[in-house]
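Student: Here's a structure for you.
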Amino acid sequence: MNVLARSSLWRLAKDESKQVDEPNGSIEQDIRVQDATVNSPNQNQFEHFVQTLNSDNANVSRMERKIEKMESQIATLVEQNNQILAKVKRISDKFQTGLPKTEFPIKTIEELSEIEAKVTENYDKYVDLFRTILAPEGVKKHMSRILSTSILMSMNYSGTGSKTGLNSYVNLNKCIYDSQKRDGYTFADYVQDVRRAFAKMKNKVYKAKTFAKQALRAEKKEECEKDLKKLVLPGSS
């Protein structure tokens, strides 16, 4: 075969090879176009995305406005609460300032004399006051609300045995009796209740003192026993 013939055959083979390769290249190009079409959002999808984003932004804005409104309401409530507390404090301070000095229980003979004078000047007021102080069980149970233990031990009703007598404070006694007066309750009943109240209160004090002495003796005895145990007897070492 001459050179011309071989050249013709080579060109023919090359052309056939191109014809075979071209369909594959076209298919690959079509696939790439389809992939690009699938992966790239169309106009509707883009608009939907934008609408969703705008909706989310609007929700966030509404939430921020709600939070700001709630914060404003909370601040208003706090301010109102502070104003109420300040007003309550002013009322309380004014009320405390207007309260009379505590008069009971009476602690000294001097205070007892002062109360006698005050009762004389404002009898009805103290009748109501004693009625409140001695409620609900009266003189027998609550005499300690009028006379403290410190003055009680130096007194009795009739003033016997160098004691100060409650009966010498006439207006005070009558006022206390009137605060407790009821059907069938006489002044003699009142005096008896006062005597019983004195006895009960003094017995309570005596018992407390006795108990304290017994406790002190027991404590000293225990200390002595401990000290004895610490002693070393002769010949015991």
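Convention: chains lettered A, B, ... in structure tokens order; per-chain residue numbering from 1; ligands numbered from 1 as shown.
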Please identify the helix (DSSP H, G or I) residues within range 133-222 of chain A (assignment by DSSP from backbone atoms) and present them as an NGL selection string.

Tutor: :A and (133-134 or 139-145 or 149-152 or 166-168 or 170-180 or 187-222)

Student: Please, which residues of range 116-192 of chain A, numbered as in this document, come out strand (DSSP E or B) from DSSP, as a PyMOL selection string?

Tutor: chain A and resi 147+155-156+164-165

Student: So how many Å separate CA of Asp189 in chain A and CA of Ile109 in chain A, to one decimal?

Tutor: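 The value is 25.1 Å.
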
Student: Could you check how far CA of Glu116 in chain A sits from CA of Asn173 in chain A, in Å to one decimal?

Tutor: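 Distance reported for this atom pair: 9.0 Å.
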
Student: Under the rule that only C-alpha atoms are counted, which of A:Lys66, A:Lys226, A:Lys118, A:His48 is the nearest residue to Tyr169 in chain A?

Tutor: A:Lys118

Student: Would you mind listing what lies within 9 Å of Arg145 in chain A as a PDB file with N, CA, C and O atoms, in the first residue's frame, with only C-alpha atoms counted and same-chain residues fewer than 2 positions away left out?

Tutor:
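Saved file result-v1.pdb follows:
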```pdb
ATOM      1  N   PHE A 104     -48.832  50.363 130.641  1.00  0.00           N
ATOM      2  CA  PHE A 104     -49.004  49.111 131.376  1.00  0.00           C
ATOM      3  C   PHE A 104     -48.092  48.027 130.802  1.00  0.00           C
ATOM      4  O   PHE A 104     -47.809  48.021 129.604  1.00  0.00           O
ATOM      5  N   PRO A 105     -47.644  47.131 131.650  1.00  0.00           N
ATOM      6  CA  PRO A 105     -47.935  47.058 133.081  1.00  0.00           C
ATOM      7  C   PRO A 105     -47.170  48.108 133.891  1.00  0.00           C
ATOM      8  O   PRO A 105     -46.093  48.538 133.494  1.00  0.00           O
ATOM      9  N   ILE A 106     -47.746  48.482 135.014  1.00  0.00           N
ATOM     10  CA  ILE A 106     -47.136  49.469 135.909  1.00  0.00           C
ATOM     11  C   ILE A 106     -45.946  48.820 136.612  1.00  0.00           C
ATOM     12  O   ILE A 106     -46.052  47.714 137.139  1.00  0.00           O
ATOM     13  N   ILE A 133     -57.764  45.320 128.233  1.00  0.00           N
ATOM     14  CA  ILE A 133     -56.542  44.701 128.756  1.00  0.00           C
ATOM     15  C   ILE A 133     -56.837  43.390 129.475  1.00  0.00           C
ATOM     16  O   ILE A 133     -56.104  42.403 129.331  1.00  0.00           O
ATOM     17  N   LEU A 134     -57.910  43.362 130.244  1.00  0.00           N
ATOM     18  CA  LEU A 134     -58.203  42.197 131.087  1.00  0.00           C
ATOM     19  C   LEU A 134     -59.026  41.120 130.381  1.00  0.00           C
ATOM     20  O   LEU A 134     -59.292  40.067 130.974  1.00  0.00           O
ATOM     21  N   HIS A 142     -55.430  37.905 134.449  1.00  0.00           N
ATOM     22  CA  HIS A 142     -54.645  38.887 133.698  1.00  0.00           C
ATOM     23  C   HIS A 142     -54.257  40.131 134.499  1.00  0.00           C
ATOM     24  O   HIS A 142     -53.943  41.163 133.908  1.00  0.00           O
ATOM     25  N   MET A 143     -54.238  40.039 135.815  1.00  0.00           N
ATOM     26  CA  MET A 143     -53.830  41.195 136.615  1.00  0.00           C
ATOM     27  C   MET A 143     -52.388  41.604 136.308  1.00  0.00           C
ATOM     28  O   MET A 143     -52.020  42.779 136.441  1.00  0.00           O
ATOM     29  N   LEU A 147     -50.310  45.242 136.614  1.00  0.00           N
ATOM     30  CA  LEU A 147     -49.219  45.382 137.587  1.00  0.00           C
ATOM     31  C   LEU A 147     -48.109  44.393 137.238  1.00  0.00           C
ATOM     32  O   LEU A 147     -48.351  43.189 137.158  1.00  0.00           O
ATOM     33  N   SER A 148     -46.909  44.904 137.061  1.00  0.00           N
ATOM     34  CA  SER A 148     -45.785  44.025 136.736  1.00  0.00           C
ATOM     35  C   SER A 148     -45.295  43.305 137.987  1.00  0.00           C
ATOM     36  O   SER A 148     -45.603  43.687 139.122  1.00  0.00           O
TER      37      SER A 148
END
```

Student: Can you pull out every residue within 6 Å of range 179-183 of chain A, counting only C-alpha atoms, but drop anything in the same chain fewer than 2 positions away, and send it as a list in words?

Tutor: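 Here the qualifying residues turn out to be Val127, Phe130, Arg131, Ile176, Tyr177 and Tyr185 of chain A.
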
Student: Kindly save the residues from that selection, with N, CA and C atoms included, as a CSV table (one decimal), in the first residue's frame.

Tutor:
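That gives us out-v8.csv:
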```csv
chain,number,residue,atom,x,y,z
A,127,VAL,N,-61.8,52.9,131.9
A,127,VAL,CA,-62.7,51.8,132.0
A,127,VAL,C,-62.7,50.9,130.8
A,130,PHE,N,-59.2,49.2,130.5
A,130,PHE,CA,-59.0,48.0,131.4
A,130,PHE,C,-59.9,46.8,130.9
A,131,ARG,N,-61.0,47.2,130.4
A,131,ARG,CA,-61.9,46.1,129.8
A,131,ARG,C,-61.2,45.3,128.7
A,176,ILE,N,-61.1,49.7,137.7
A,176,ILE,CA,-60.9,48.3,137.3
A,176,ILE,C,-62.2,47.5,137.5
A,177,TYR,N,-62.8,47.7,138.7
A,177,TYR,CA,-64.0,47.0,139.0
A,177,TYR,C,-65.1,47.3,137.9
A,185,TYR,N,-72.0,40.4,139.8
A,185,TYR,CA,-70.6,40.6,140.1
A,185,TYR,C,-70.4,41.8,141.0
```

Student: Given only C-alpha atoms as the basis, pick out the residue of A:Met70, A:Ala86, A:Ala197, A:Val60 nearest to Glu137 in chain A.

Tutor: A:Ala197

Student: Quote the spacing between CA of Asn203 in chain A and CA of Phe187 in chain A in Å to one decimal place.

Tutor: 24.3 Å

Student: For Lys200 in chain A, which residue among A:Lys107, A:Ser55, A:Val139, A:Tyr126 is the nearest when counting only C-alpha atoms?

Tutor: A:Val139
